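Okay, so here's the structure we're looking at.
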Amino acid sequence: MRRKLPSTAALAAFEAAARHQSFTKAAAELAVTQSAVCRQIASLESFLGVSLFRRGQRGVGLTEAGQRYARSVAARLDEVERDTLDLMAQAGQGGQGGSLELAVVPTFATQWLLPRLGRFHALHPGITVHFSSRTRPFLFADTELDAAIHPGVGLWPGTEGRLLMPEPMITVASPSLAASRPHWSPADLAKLPLLQASTRPYAWRHWFESLGLTVENDMAGPRLELFSMLSEAAAQGLGVALVPRMLVDNELASGRLVQLLPQELLSDRCYYLIYPEHKAASPVLATFAAWLDEEAARYRAEVG
């Protein structure tokens, strides 16, 4: 059956005119005449049987139907452009390449993954990894994402994946706060502002309980969304943070943060590479997953 699709030229003209709210500016962007844009949009409206623009003395404006269609068309053209650029890049590498759309939690990406990604690019220069920030689980069917690296208790329904590493959490504070006492005990921490992670609301309670302590204010304190915010707040002396060790290695090495107590809390979450079942056969994903396995194994060996 023949597809019922408008021409790409008409869609491009419509998207540009909708974005600029002007046929003249759209024509300038597309390097065609204004009359050519008008003809393309008129043919599109005839094809659809719907008016997309209101014409008036002061110019043009989108109808309600035009607004909805403009959002949809812009998203689809962006996807086509992205796929086209990916294919062109792959062709430029002799066909040995591709791209990967990866969802990541922001702090893990900036503190752990990105510092290591240069090694991946050196081994696989034809593969481009695109990052999207996601802090919560999501449905792959609602996205164009190929995979996700996410801390959780297991794989998501309808997905496959692999375990990368556990999540040991440690107590950190600024050097000045750490130096305010010669010795620290778990009970001492209960007297400090406890910086809270929005994604780990019971982390401090579990840490104190693992040491046989019950603390009334274990869930009180400033609440922050990202671990990068927690570590920065701790570095600024705003309190003590309980964060995954892998996300503050750089700060500990530079001295911006100090581990207050040696006791760790092994979180009930682990970091997983997760992907939809239908993506499992992707050569690009398989290449990235194998490299990520090696990097995670190397890190686990380094930290013991």
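Quick note on naming: the chains in the structure tokens go A, B, ... in the order shown, residues restart at 1 in each chain, and ligands are numbered from 1 in order of appearance.
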Selection: 10 Å around Leu252 (chain A), only C-alpha atoms, excl. self and same-chain fewer than 5 positions, as a count of residues only:
8
Within 9 Å of region 263-285 of chain A: each region 183-244 of chain A residue with its shortest pair, only C-alpha atoms, as CSV:
residue,atom,partner,partner_atom,distance
A:Pro186,CA,A:Gln263,CA,8.9
A:Ala203,CA,A:Ser267,CA,8.0
A:His206,CA,A:Leu265,CA,7.7
A:Trp207,CA,A:Leu265,CA,5.7
A:Ser210,CA,A:Leu265,CA,7.5
A:Leu211,CA,A:Gln263,CA,8.4
A:Leu242,CA,A:Leu265,CA,8.8
A:Pro244,CA,A:Ser267,CA,8.5
Might you pull out every residue within 8 Å of Ala296 (chain A), with only C-alpha atoms counted and same-chain residues fewer than 4 positions away left off, and present them as a PyMOL selection string?
chain A and resi 164-165+292+300
Residues of region 34-268 of chain A classed as strand (DSSP E) by DSSP on the backbone are to be reported as a ChimeraX atom specification.
/A:53-56,59-62,98-104,127-133,147-152,159-173,194-197,223-224,240-244,258-259,265-268
Each region 220-272 of chain A residue no farther than 12 Å from region 127-137 of chain A, nearest pair in Å, only C-alpha atoms, as a Markdown table:
| residue | atom | partner | partner_atom | distance |
| --- | --- | --- | --- | --- |
| A:Glu225 | CA | A:Thr135 | CA | 8.8 |
| A:Leu226 | CA | A:Thr135 | CA | 8.3 |
| A:Phe227 | CA | A:Thr135 | CA | 10.7 |
| A:Tyr272 | CA | A:Pro137 | CA | 11.9 |
Take the selection from the previous step and output its residues with C-alpha atoms, as a PDB file, in the first residue's frame.
ATOM      1  CA  GLU A 225      18.317  16.195  43.574  1.00  0.00           C
ATOM      2  CA  LEU A 226      21.771  15.259  42.278  1.00  0.00           C
ATOM      3  CA  PHE A 227      24.817  13.744  43.962  1.00  0.00           C
ATOM      4  CA  TYR A 272      23.305  -1.466  35.422  1.00  0.00           C
TER       5      TYR A 272
END
Could you pull out the residues in region 226-278 of chain A that DSSP calls alpha helix (DSSP H) from the backbone, as a list in words?
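Taking region 226-278 of chain A and keeping alpha helix (DSSP H) only, one gets Phe227, Ser228, Met229, Leu230, Ser231, Glu232, Ala233, Ala234, Ala235, Asp249, Asn250, Glu251, Leu252, Ala253 and Ser254 of chain A.
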Can you measure CA of Ala70 (chain A) to CA of Ser99 (chain A) for me? One decimal in Å is fine.
27.0 Å
Write out as a PyMOL selection string which residues come within 7 Å of Pro222 (chain A) when counting only C-alpha atoms, dropping same-chain ones fewer than 2 positions away.
chain A and resi 195-196+224
Residues from last step as file, C-alpha atoms, as a tab-separated table (two decimals), in the first residue's frame:
chain	number	residue	atom	x	y	z
A	195	LEU	CA	22.62	16.62	53.41
A	196	GLN	CA	19.83	14.51	51.94
A	224	LEU	CA	19.15	17.94	46.83
So, counting only C-alpha atoms, which residue among A:Leu30, A:Leu260, A:Ala197, A:Gly158 is closest to Pro182 (chain A)?
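Closest to Pro182 (chain A) of all the choices is A:Leu260.
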Counting only C-alpha atoms, the residue of A:Leu11, A:Val37, A:Ala31, A:Thr24 that sits nearest Arg76 (chain A):
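Using only C-alpha atoms, Arg76 (chain A) sits closest to A:Leu11.
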Quick one: of A:Ser72, A:Asn217, A:Thr199, A:Thr107, who's nearest to Ala18 (chain A), counting only C-alpha atoms?
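Closest candidate: A:Ser72.
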